[in-house]
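As stored in model-v2.json (JSON, C-alpha atoms):
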[["chain", "number", "residue", "atom", "x", "y", "z"],
["A", 1, "MET", "CA", -20.26, -29.37, -55.10],
["A", 2, "PRO", "CA", -18.92, -25.96, -54.14],
["A", 3, "ILE", "CA", -17.24, -23.71, -56.66],
["A", 4, "ARG", "CA", -13.58, -23.16, -55.82],
["A", 5, "ILE", "CA", -11.79, -20.70, -58.07],
["A", 6, "LEU", "CA", -8.28, -19.31, -57.86],
["A", 7, "LEU", "CA", -7.92, -16.10, -59.90],
["A", 8, "GLU", "CA", -4.29, -16.16, -60.91],
["A", 9, "GLY", "CA", -2.58, -13.10, -62.27],
["A", 10, "ARG", "CA", 0.63, -11.16, -62.39],
["A", 11, "PRO", "CA", 1.07, -8.05, -60.23],
["A", 12, "GLY", "CA", -0.95, -5.21, -61.73],
["A", 13, "ALA", "CA", -3.26, -7.50, -63.72],
["A", 14, "GLY", "CA", -6.27, -6.29, -61.74],
["A", 15, "LYS", "CA", -6.94, -9.15, -59.30],
["A", 16, "THR", "CA", -8.16, -6.89, -56.49],
["A", 17, "THR", "CA", -10.28, -4.79, -58.83],
["A", 18, "ALA", "CA", -11.87, -7.92, -60.32],
["A", 19, "LEU", "CA", -12.68, -9.33, -56.87],
["A", 20, "ARG", "CA", -14.21, -6.03, -55.73],
["A", 21, "ARG", "CA", -16.33, -5.86, -58.88],
["A", 22, "LEU", "CA", -17.47, -9.43, -58.31],
["A", 23, "ALA", "CA", -18.53, -8.55, -54.75],
["A", 24, "ALA", "CA", -20.43, -5.51, -56.03],
["A", 25, "LEU", "CA", -22.27, -7.64, -58.59],
["A", 26, "LEU", "CA", -23.54, -9.96, -55.85],
["A", 27, "PRO", "CA", -25.33, -7.61, -53.42],
["A", 28, "THR", "CA", -27.88, -10.19, -52.38],
["A", 29, "HIS", "CA", -25.38, -13.02, -52.12],
["A", 30, "ALA", "CA", -24.18, -13.87, -48.62],
["A", 31, "ALA", "CA", -20.55, -13.04, -49.35],
["A", 32, "THR", "CA", -17.84, -12.62, -46.75],
["A", 33, "GLY", "CA", -14.09, -12.12, -46.96],
["A", 34, "PHE", "CA", -11.63, -9.35, -47.64],
["A", 35, "THR", "CA", -9.60, -7.45, -50.19],
["A", 36, "THR", "CA", -6.25, -5.72, -49.94],
["A", 37, "GLU", "CA", -5.38, -2.29, -51.22],
["A", 38, "GLU", "CA", -2.11, -0.47, -51.78],
["A", 39, "ILE", "CA", -1.29, 2.46, -49.52],
["A", 40, "ARG", "CA", 0.52, 5.20, -51.44],
["A", 41, "GLN", "CA", 2.33, 8.33, -50.32],
["A", 42, "SER", "CA", 3.56, 10.83, -52.90],
["A", 43, "GLY", "CA", 2.97, 8.24, -55.63],
["A", 44, "ALA", "CA", 5.10, 5.55, -53.97],
["A", 45, "ARG", "CA", 3.67, 2.33, -52.52],
["A", 46, "VAL", "CA", 4.40, 2.23, -48.79],
["A", 47, "GLY", "CA", 2.09, -0.52, -47.62],
["A", 48, "PHE", "CA", -1.13, -2.47, -47.87],
["A", 49, "ALA", "CA", -4.45, -2.20, -46.06],
["A", 50, "LEU", "CA", -6.83, -5.10, -45.52],
["A", 51, "GLU", "CA", -10.53, -4.29, -45.92],
["A", 52, "THR", "CA", -13.33, -6.70, -45.07],
["A", 53, "LEU", "CA", -16.47, -6.88, -47.19],
["A", 54, "ALA", "CA", -18.28, -5.69, -44.04],
["A", 55, "GLY", "CA", -16.22, -2.46, -44.07],
["A", 56, "GLY", "CA", -13.51, -3.05, -41.46],
["A", 57, "ARG", "CA", -10.12, -1.69, -42.50],
["A", 58, "GLU", "CA", -6.60, -1.76, -41.00],
["A", 59, "VAL", "CA", -3.00, -1.51, -42.18],
["A", 60, "LEU", "CA", -1.72, -5.04, -42.86],
["A", 61, "ALA", "CA", 1.79, -4.19, -44.01],
["A", 62, "HIS", "CA", 3.82, -1.00, -44.13],
["A", 63, "VAL", "CA", 7.40, 0.13, -44.58],
["A", 64, "ASP", "CA", 7.21, 1.71, -41.10],
["A", 65, "LEU", "CA", 6.04, -1.47, -39.34],
["A", 66, "PRO", "CA", 8.92, -3.32, -37.70],
["A", 67, "GLY", "CA", 7.66, -6.88, -38.15],
["A", 68, "PRO", "CA", 8.39, -9.71, -37.83],
["A", 69, "PRO", "CA", 7.36, -11.03, -40.15],
["A", 70, "ARG", "CA", 8.77, -9.01, -42.97],
["A", 71, "VAL", "CA", 7.91, -9.45, -46.63],
["A", 72, "GLY", "CA", 10.34, -7.50, -48.76],
["A", 73, "LYS", "CA", 10.53, -3.98, -47.41],
["A", 74, "TYR", "CA", 7.24, -4.30, -45.51],
["A", 75, "GLY", "CA", 6.68, -5.20, -41.89],
["A", 76, "VAL", "CA", 3.49, -7.25, -41.54],
["A", 77, "ASP", "CA", 1.02, -7.02, -38.65],
["A", 78, "PRO", "CA", -0.42, -10.56, -38.30],
["A", 79, "GLY", "CA", -2.86, -9.22, -35.71],
["A", 80, "VAL", "CA", -4.79, -7.60, -38.56],
["A", 81, "MET", "CA", -5.49, -11.07, -39.96],
["A", 82, "ASP", "CA", -6.61, -12.23, -36.49],
["A", 83, "ARG", "CA", -8.90, -9.24, -35.95],
["A", 84, "LEU", "CA", -10.37, -8.70, -39.42],
["A", 85, "ALA", "CA", -9.96, -11.66, -41.76],
["A", 86, "LEU", "CA", -10.13, -14.74, -39.57],
["A", 87, "PRO", "CA", -13.50, -14.28, -37.81],
["A", 88, "SER", "CA", -15.52, -14.29, -41.05],
["A", 89, "LEU", "CA", -13.42, -17.02, -42.67],
["A", 90, "ARG", "CA", -13.74, -19.31, -39.66],
["A", 91, "SER", "CA", -17.49, -18.79, -39.36],
["A", 92, "ALA", "CA", -17.97, -19.52, -43.08],
["A", 93, "ALA", "CA", -16.01, -22.77, -42.72],
["A", 94, "THR", "CA", -17.79, -24.00, -39.60],
["A", 95, "GLU", "CA", -21.39, -22.80, -39.85],
["A", 96, "GLU", "CA", -24.09, -24.05, -42.18],
["A", 97, "ALA", "CA", -22.66, -22.19, -45.14],
["A", 98, "THR", "CA", -24.23, -23.86, -48.16],
["A", 99, "GLY", "CA", -24.77, -21.18, -50.75],
["A", 100, "ARG", "CA", -22.33, -18.77, -49.13],
["A", 101, "LEU", "CA", -19.41, -17.23, -50.94],
["A", 102, "VAL", "CA", -16.03, -16.35, -49.49],
["A", 103, "LEU", "CA", -13.85, -13.86, -51.37],
["A", 104, "ILE", "CA", -10.14, -13.70, -50.49],
["A", 105, "ASP", "CA", -7.68, -11.17, -51.91],
["A", 106, "GLU", "CA", -5.17, -12.57, -51.71],
["A", 107, "LEU", "CA", -3.38, -15.78, -50.91],
["A", 108, "GLY", "CA", -0.08, -13.90, -50.94],
["A", 109, "ARG", "CA", 3.10, -13.84, -48.88],
["A", 110, "MET", "CA", 1.88, -11.16, -46.46],
["A", 111, "GLU", "CA", -1.38, -12.95, -45.69],
["A", 112, "LEU", "CA", 0.20, -16.41, -45.61],
["A", 113, "ALA", "CA", 2.73, -15.17, -43.05],
["A", 114, "CYS", "CA", -0.11, -15.75, -40.57],
["A", 115, "THR", "CA", -0.25, -19.47, -39.69],
["A", 116, "ALA", "CA", -3.84, -19.19, -38.43],
["A", 117, "PHE", "CA", -4.84, -17.73, -41.81],
["A", 118, "ARG", "CA", -3.34, -20.72, -43.65],
["A", 119, "HIS", "CA", -5.32, -23.06, -41.37],
["A", 120, "ALA", "CA", -8.54, -21.05, -41.95],
["A", 121, "VAL", "CA", -8.05, -21.25, -45.73],
["A", 122, "GLU", "CA", -7.50, -25.01, -45.54],
["A", 123, "ALA", "CA", -10.74, -25.33, -43.53],
["A", 124, "LEU", "CA", -12.62, -23.23, -46.11],
["A", 125, "PHE", "CA", -11.47, -25.44, -48.96],
["A", 126, "ALA", "CA", -12.70, -28.46, -46.99],
["A", 127, "ALA", "CA", -16.13, -26.90, -46.26],
["A", 128, "GLU", "CA", -19.27, -26.79, -48.39],
["A", 129, "VAL", "CA", -18.80, -23.14, -49.31],
["A", 130, "ASP", "CA", -17.96, -21.37, -52.57],
["A", 131, "VAL", "CA", -14.53, -19.72, -52.58],
["A", 132, "VAL", "CA", -13.01, -17.27, -55.02],
["A", 133, "ALA", "CA", -9.47, -16.27, -54.08],
["A", 134, "THR", "CA", -6.77, -14.36, -55.88],
["A", 135, "VAL", "CA", -3.26, -15.80, -56.15],
["A", 136, "HIS", "CA", -0.02, -14.63, -57.66],
["A", 137, "THR", "CA", 1.73, -16.45, -60.46],
["A", 138, "GLN", "CA", 4.88, -16.93, -58.39],
["A", 139, "ARG", "CA", 5.59, -20.33, -56.90],
["A", 140, "ASP", "CA", 4.70, -20.86, -53.25],
["A", 141, "PRO", "CA", 4.34, -24.21, -51.45],
["A", 142, "PHE", "CA", 0.91, -23.33, -50.00],
["A", 143, "THR", "CA", -0.69, -21.98, -53.17],
["A", 144, "ASP", "CA", 1.03, -24.57, -55.36],
["A", 145, "ALA", "CA", -0.64, -27.31, -53.27],
["A", 146, "LEU", "CA", -4.03, -25.61, -53.71],
["A", 147, "LYS", "CA", -3.50, -25.28, -57.45],
["A", 148, "ARG", "CA", -2.87, -29.04, -57.72],
["A", 149, "ARG", "CA", -6.19, -29.97, -56.09],
["A", 150, "ALA", "CA", -8.72, -31.61, -58.42],
["A", 151, "ASP", "CA", -11.59, -29.50, -57.05],
["A", 152, "ILE", "CA", -9.87, -26.18, -57.81],
["A", 153, "GLU", "CA", -10.41, -24.26, -61.02],
["A", 154, "ILE", "CA", -7.60, -21.88, -61.95],
["A", 155, "VAL", "CA", -8.74, -18.86, -63.95],
["A", 156, "GLN", "CA", -6.08, -16.67, -65.52],
["A", 157, "LEU", "CA", -6.75, -12.97, -64.98],
["A", 158, "THR", "CA", -5.18, -10.66, -67.52],
["A", 159, "PRO", "CA", -5.65, -7.02, -68.50],
["A", 160, "ALA", "CA", -7.54, -8.36, -71.54],
["A", 161, "ASN", "CA", -10.21, -10.25, -69.55],
["A", 162, "ARG", "CA", -10.31, -8.40, -66.22],
["A", 163, "ASP", "CA", -13.27, -6.21, -67.18],
["A", 164, "VAL", "CA", -15.58, -9.03, -68.32],
["A", 165, "LEU", "CA", -14.50, -11.75, -65.89],
["A", 166, "PRO", "CA", -16.34, -10.44, -62.77],
["A", 167, "GLY", "CA", -19.68, -10.49, -64.63],
["A", 168, "LYS", "CA", -19.08, -14.02, -65.91],
["A", 169, "LEU", "CA", -18.14, -15.24, -62.44],
["A", 170, "ALA", "CA", -21.14, -13.50, -60.84],
["A", 171, "ALA", "CA", -23.52, -15.17, -63.31],
["A", 172, "ARG", "CA", -21.96, -18.55, -62.64],
["A", 173, "LEU", "CA", -22.06, -18.17, -58.85],
["A", 174, "GLN", "CA", -25.73, -17.21, -58.97],
["A", 175, "GLN", "CA", -26.79, -20.25, -61.00],
["A", 176, "PRO", "CA", -28.82, -22.78, -58.98],
["A", 177, "ARG", "CA", -26.73, -25.80, -58.03],
["A", 178, "THR", "CA", -27.22, -28.96, -56.09],
["A", 179, "HIS", "CA", -25.09, -29.03, -52.98],
["A", 180, "GLY", "CA", -24.33, -32.16, -51.02],
["A", 181, "GLY", "CA", -26.20, -32.72, -47.78],
["A", 182, "PRO", "CA", -29.69, -31.72, -46.72],
["A", 183, "PRO", "CA", -31.40, -28.73, -48.34],
["A", 184, "SER", "CA", -30.91, -25.47, -46.50],
["A", 185, "HIS", "CA", -33.91, -23.60, -45.14],
["A", 186, "GLY", "CA", -33.89, -19.87, -45.02]]
For this file, write the structure as structure tokens.
Amino acid sequence: MPIRILLEGRPGAGKTTALRRLAALLPTHAATGFTTEEIRQSGARVGFALETLAGGREVLAHVDLPGPPRVGKYGVDPGVMDRLALPSLRSAATEEATGRLVLIDELGRMELACTAFRHAVEALFAAEVDVVATVHTQRDPFTDALKRRADIEIVQLTPANRDVLPGKLAARLQQPRTHGGPPSHG
């Protein structure tokens, strides 16, 4: 059975940092996915960039983008999800992905503004692939439905555990497990 973890934390708890550390601890693991990063000018947050684990990077949301959609003061460019995030997520959900890991930072309002992204996430959670995704503590119909699933483990990320949690998750993800279906060769 695949591991499906939602790292839940308040803004500033260190969700992105924890996910990046987890990715760094798994250099030989076939991980795919993306993280988001704040864009700052003169100390003020003005947007967010999306960066794939393969190194692609584009501005996802910015105060200077017109939108729609808009999330708060930010215009969101859904094309960034189409170009950077979706190809790896879709391939992980449809290919023989047993033993693969998908990291998603985050299942937030900007990312979920892209309908195709929501569909790709649903496909991932139906596939035989490990998923670790960050989520906010705020209520949202999409993430609330994921949190209610029996096959989802919710892990609270706090400033107190954010430094040790990536190592614990990495060790767990690297443990041998029995997956359903035929054994993979390769």
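Shortest atom-to-atom contact with Thr143 of chain A among A:Leu25, A:Val121, A:Val102, A:Leu173: A:Val121, counting all atoms listed in the file.
In terms of minimum interatomic distance to Val135 of chain A, A:Pro11 ranks closest within A:Arg20, A:Pro11, A:Thr115, A:Leu89, counting all atoms listed in the file.
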* Selection: 9 Å around Leu146 of chain A, all atoms listed in the file, excl. self and same-chain fewer than 3 positions, as an MDAnalysis selection string -> chainID A and resid 6 122 125 141:143 149:150 152
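Ranking A:Ala92, A:Ile39, A:Ile104, A:Ala18 by their shortest atom-to-atom distance to Leu53 of chain A, with all atoms listed in the file included, puts A:Ile104 first.
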Using only C-alpha atoms, the shortest atom-to-atom distance to Glu58 of chain A among A:Pro78, A:Pro2, A:Pro166, A:Gly72 belongs to A:Pro78
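Rounded to one decimal, atom CA of Ala93 of chain A and atom CA of Leu7 of chain A lie 20.1 Å from each other.
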Residues at most 9 Å from Leu84 of chain A, counting all atoms listed in the file, excluding those fewer than 2 positions away in the same chain, as a PDB file with C-alpha atoms, keeping the file's coordinate frame?
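Done, and the output landed in result.pdb:
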ATOM      1  CA  PHE A  34     -11.630  -9.350 -47.640  1.00  0.00           C
ATOM      2  CA  LEU A  50      -6.830  -5.100 -45.520  1.00  0.00           C
ATOM      3  CA  GLU A  51     -10.530  -4.290 -45.920  1.00  0.00           C
ATOM      4  CA  THR A  52     -13.330  -6.700 -45.070  1.00  0.00           C
ATOM      5  CA  GLY A  56     -13.510  -3.050 -41.460  1.00  0.00           C
ATOM      6  CA  ARG A  57     -10.120  -1.690 -42.500  1.00  0.00           C
ATOM      7  CA  GLU A  58      -6.600  -1.760 -41.000  1.00  0.00           C
ATOM      8  CA  GLY A  79      -2.860  -9.220 -35.710  1.00  0.00           C
ATOM      9  CA  VAL A  80      -4.790  -7.600 -38.560  1.00  0.00           C
ATOM     10  CA  MET A  81      -5.490 -11.070 -39.960  1.00  0.00           C
ATOM     11  CA  ASP A  82      -6.610 -12.230 -36.490  1.00  0.00           C
ATOM     12  CA  LEU A  86     -10.130 -14.740 -39.570  1.00  0.00           C
ATOM     13  CA  PRO A  87     -13.500 -14.280 -37.810  1.00  0.00           C
ATOM     14  CA  SER A  88     -15.520 -14.290 -41.050  1.00  0.00           C
TER      15      SER A  88
END
Using all atoms listed in the file, the residue out of A:Thr134, A:Lys73, A:Asp144, A:Gly43 with shortest distance to Thr17 of chain A is A:Thr134
Selection: 6 Å around Gly9 of chain A, only C-alpha atoms, excl. self and same-chain fewer than 6 positions, as a PyMOL selection string: chain A and resi 136-137+156-157
Using all atoms listed in the file, determine which residues lie at most 10 Å from Asp130 of chain A, disregarding the query and same-chain residues fewer than 4 positions distant; provide the list as an mmCIF file with C-alpha atoms, keeping the file's coordinate frame.
data_model
loop_
_atom_site.group_PDB
_atom_site.id
_atom_site.type_symbol
_atom_site.label_atom_id
_atom_site.label_comp_id
_atom_site.auth_asym_id
_atom_site.auth_seq_id
_atom_site.Cartn_x
_atom_site.Cartn_y
_atom_site.Cartn_z
ATOM 1 C CA MET A 1 -20.260 -29.370 -55.100
ATOM 2 C CA PRO A 2 -18.920 -25.960 -54.140
ATOM 3 C CA ILE A 3 -17.240 -23.710 -56.660
ATOM 4 C CA ARG A 4 -13.580 -23.160 -55.820
ATOM 5 C CA ILE A 5 -11.790 -20.700 -58.070
ATOM 6 C CA ALA A 31 -20.550 -13.040 -49.350
ATOM 7 C CA ALA A 92 -17.970 -19.520 -43.080
ATOM 8 C CA ALA A 97 -22.660 -22.190 -45.140
ATOM 9 C CA THR A 98 -24.230 -23.860 -48.160
ATOM 10 C CA GLY A 99 -24.770 -21.180 -50.750
ATOM 11 C CA ARG A 100 -22.330 -18.770 -49.130
ATOM 12 C CA LEU A 101 -19.410 -17.230 -50.940
ATOM 13 C CA VAL A 102 -16.030 -16.350 -49.490
ATOM 14 C CA LEU A 103 -13.850 -13.860 -51.370
ATOM 15 C CA LEU A 124 -12.620 -23.230 -46.110
ATOM 16 C CA PHE A 125 -11.470 -25.440 -48.960
ATOM 17 C CA LEU A 173 -22.060 -18.170 -58.850
#
Since the input lacks some atoms of segment 130-141 of chain A, please model all heavy atoms and print them as a compact mmCIF listing (two decimals), in the coordinates of the input.
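Output (selection-v4.txt):
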# COMPACT_ATOMS: atom_id res chain seq x y z
N ASP A 130 -18.63 -21.84 -51.36
CA ASP A 130 -17.96 -21.37 -52.57
C ASP A 130 -16.83 -20.44 -52.18
O ASP A 130 -16.98 -19.61 -51.28
CB ASP A 130 -18.94 -20.60 -53.47
CG ASP A 130 -20.07 -21.47 -54.01
OD1 ASP A 130 -19.88 -22.70 -54.11
OD2 ASP A 130 -21.13 -20.92 -54.34
N VAL A 131 -15.69 -20.57 -52.86
CA VAL A 131 -14.53 -19.72 -52.58
C VAL A 131 -13.97 -19.19 -53.89
O VAL A 131 -13.77 -19.94 -54.84
CB VAL A 131 -13.41 -20.50 -51.84
CG1 VAL A 131 -12.21 -19.61 -51.57
CG2 VAL A 131 -13.92 -21.13 -50.55
N VAL A 132 -13.75 -17.88 -53.93
CA VAL A 132 -13.01 -17.27 -55.02
C VAL A 132 -11.87 -16.51 -54.35
O VAL A 132 -12.10 -15.62 -53.53
CB VAL A 132 -13.87 -16.30 -55.87
CG1 VAL A 132 -13.02 -15.65 -56.96
CG2 VAL A 132 -15.06 -17.04 -56.48
N ALA A 133 -10.65 -16.89 -54.69
CA ALA A 133 -9.47 -16.27 -54.08
C ALA A 133 -8.49 -15.87 -55.17
O ALA A 133 -8.39 -16.54 -56.19
CB ALA A 133 -8.80 -17.25 -53.11
N THR A 134 -7.79 -14.77 -54.94
CA THR A 134 -6.77 -14.36 -55.88
C THR A 134 -5.42 -14.91 -55.43
O THR A 134 -5.15 -15.03 -54.23
CB THR A 134 -6.69 -12.82 -56.02
OG1 THR A 134 -6.29 -12.25 -54.77
CG2 THR A 134 -8.02 -12.24 -56.46
N VAL A 135 -4.61 -15.29 -56.41
CA VAL A 135 -3.26 -15.80 -56.15
C VAL A 135 -2.30 -15.21 -57.17
O VAL A 135 -2.69 -14.84 -58.27
CB VAL A 135 -3.18 -17.34 -56.21
CG1 VAL A 135 -3.98 -17.99 -55.10
CG2 VAL A 135 -3.61 -17.87 -57.55
N HIS A 136 -1.07 -15.13 -56.77
CA HIS A 136 -0.02 -14.63 -57.66
C HIS A 136 0.47 -15.78 -58.54
O HIS A 136 0.19 -16.95 -58.28
CB HIS A 136 1.13 -14.05 -56.83
CG HIS A 136 1.52 -14.93 -55.69
ND1 HIS A 136 2.23 -16.10 -55.84
CD2 HIS A 136 1.24 -14.84 -54.37
CE1 HIS A 136 2.40 -16.68 -54.67
NE2 HIS A 136 1.81 -15.94 -53.75
N THR A 137 1.19 -15.43 -59.56
CA THR A 137 1.73 -16.45 -60.46
C THR A 137 3.01 -17.07 -59.92
O THR A 137 3.43 -18.11 -60.40
CB THR A 137 2.00 -15.85 -61.86
OG1 THR A 137 2.86 -14.72 -61.71
CG2 THR A 137 0.70 -15.43 -62.53
N GLN A 138 3.63 -16.42 -58.94
CA GLN A 138 4.88 -16.93 -58.39
C GLN A 138 4.65 -18.24 -57.65
O GLN A 138 3.58 -18.47 -57.12
CB GLN A 138 5.49 -15.91 -57.42
CG GLN A 138 5.80 -14.59 -58.05
CD GLN A 138 5.96 -13.49 -57.00
OE1 GLN A 138 5.36 -13.53 -55.94
NE2 GLN A 138 6.77 -12.51 -57.32
N ARG A 139 5.69 -19.05 -57.60
CA ARG A 139 5.59 -20.33 -56.90
C ARG A 139 5.59 -20.10 -55.39
O ARG A 139 6.29 -19.24 -54.88
CB ARG A 139 6.74 -21.24 -57.31
CG ARG A 139 6.68 -21.59 -58.81
CD ARG A 139 7.63 -22.70 -59.18
NE ARG A 139 7.39 -23.94 -58.47
CZ ARG A 139 6.44 -24.84 -58.76
NH1 ARG A 139 5.62 -24.61 -59.76
NH2 ARG A 139 6.33 -25.96 -58.07
N ASP A 140 4.78 -20.89 -54.70
CA ASP A 140 4.70 -20.86 -53.25
C ASP A 140 4.18 -22.22 -52.82
O ASP A 140 3.21 -22.72 -53.42
CB ASP A 140 3.74 -19.75 -52.79
CG ASP A 140 3.54 -19.76 -51.29
OD1 ASP A 140 4.32 -19.10 -50.59
OD2 ASP A 140 2.60 -20.45 -50.82
N PRO A 141 4.79 -22.86 -51.83
CA PRO A 141 4.34 -24.21 -51.45
C PRO A 141 2.85 -24.29 -51.11
O PRO A 141 2.18 -25.24 -51.51
CB PRO A 141 5.20 -24.54 -50.23
CG PRO A 141 6.42 -23.68 -50.37
CD PRO A 141 5.96 -22.43 -51.06
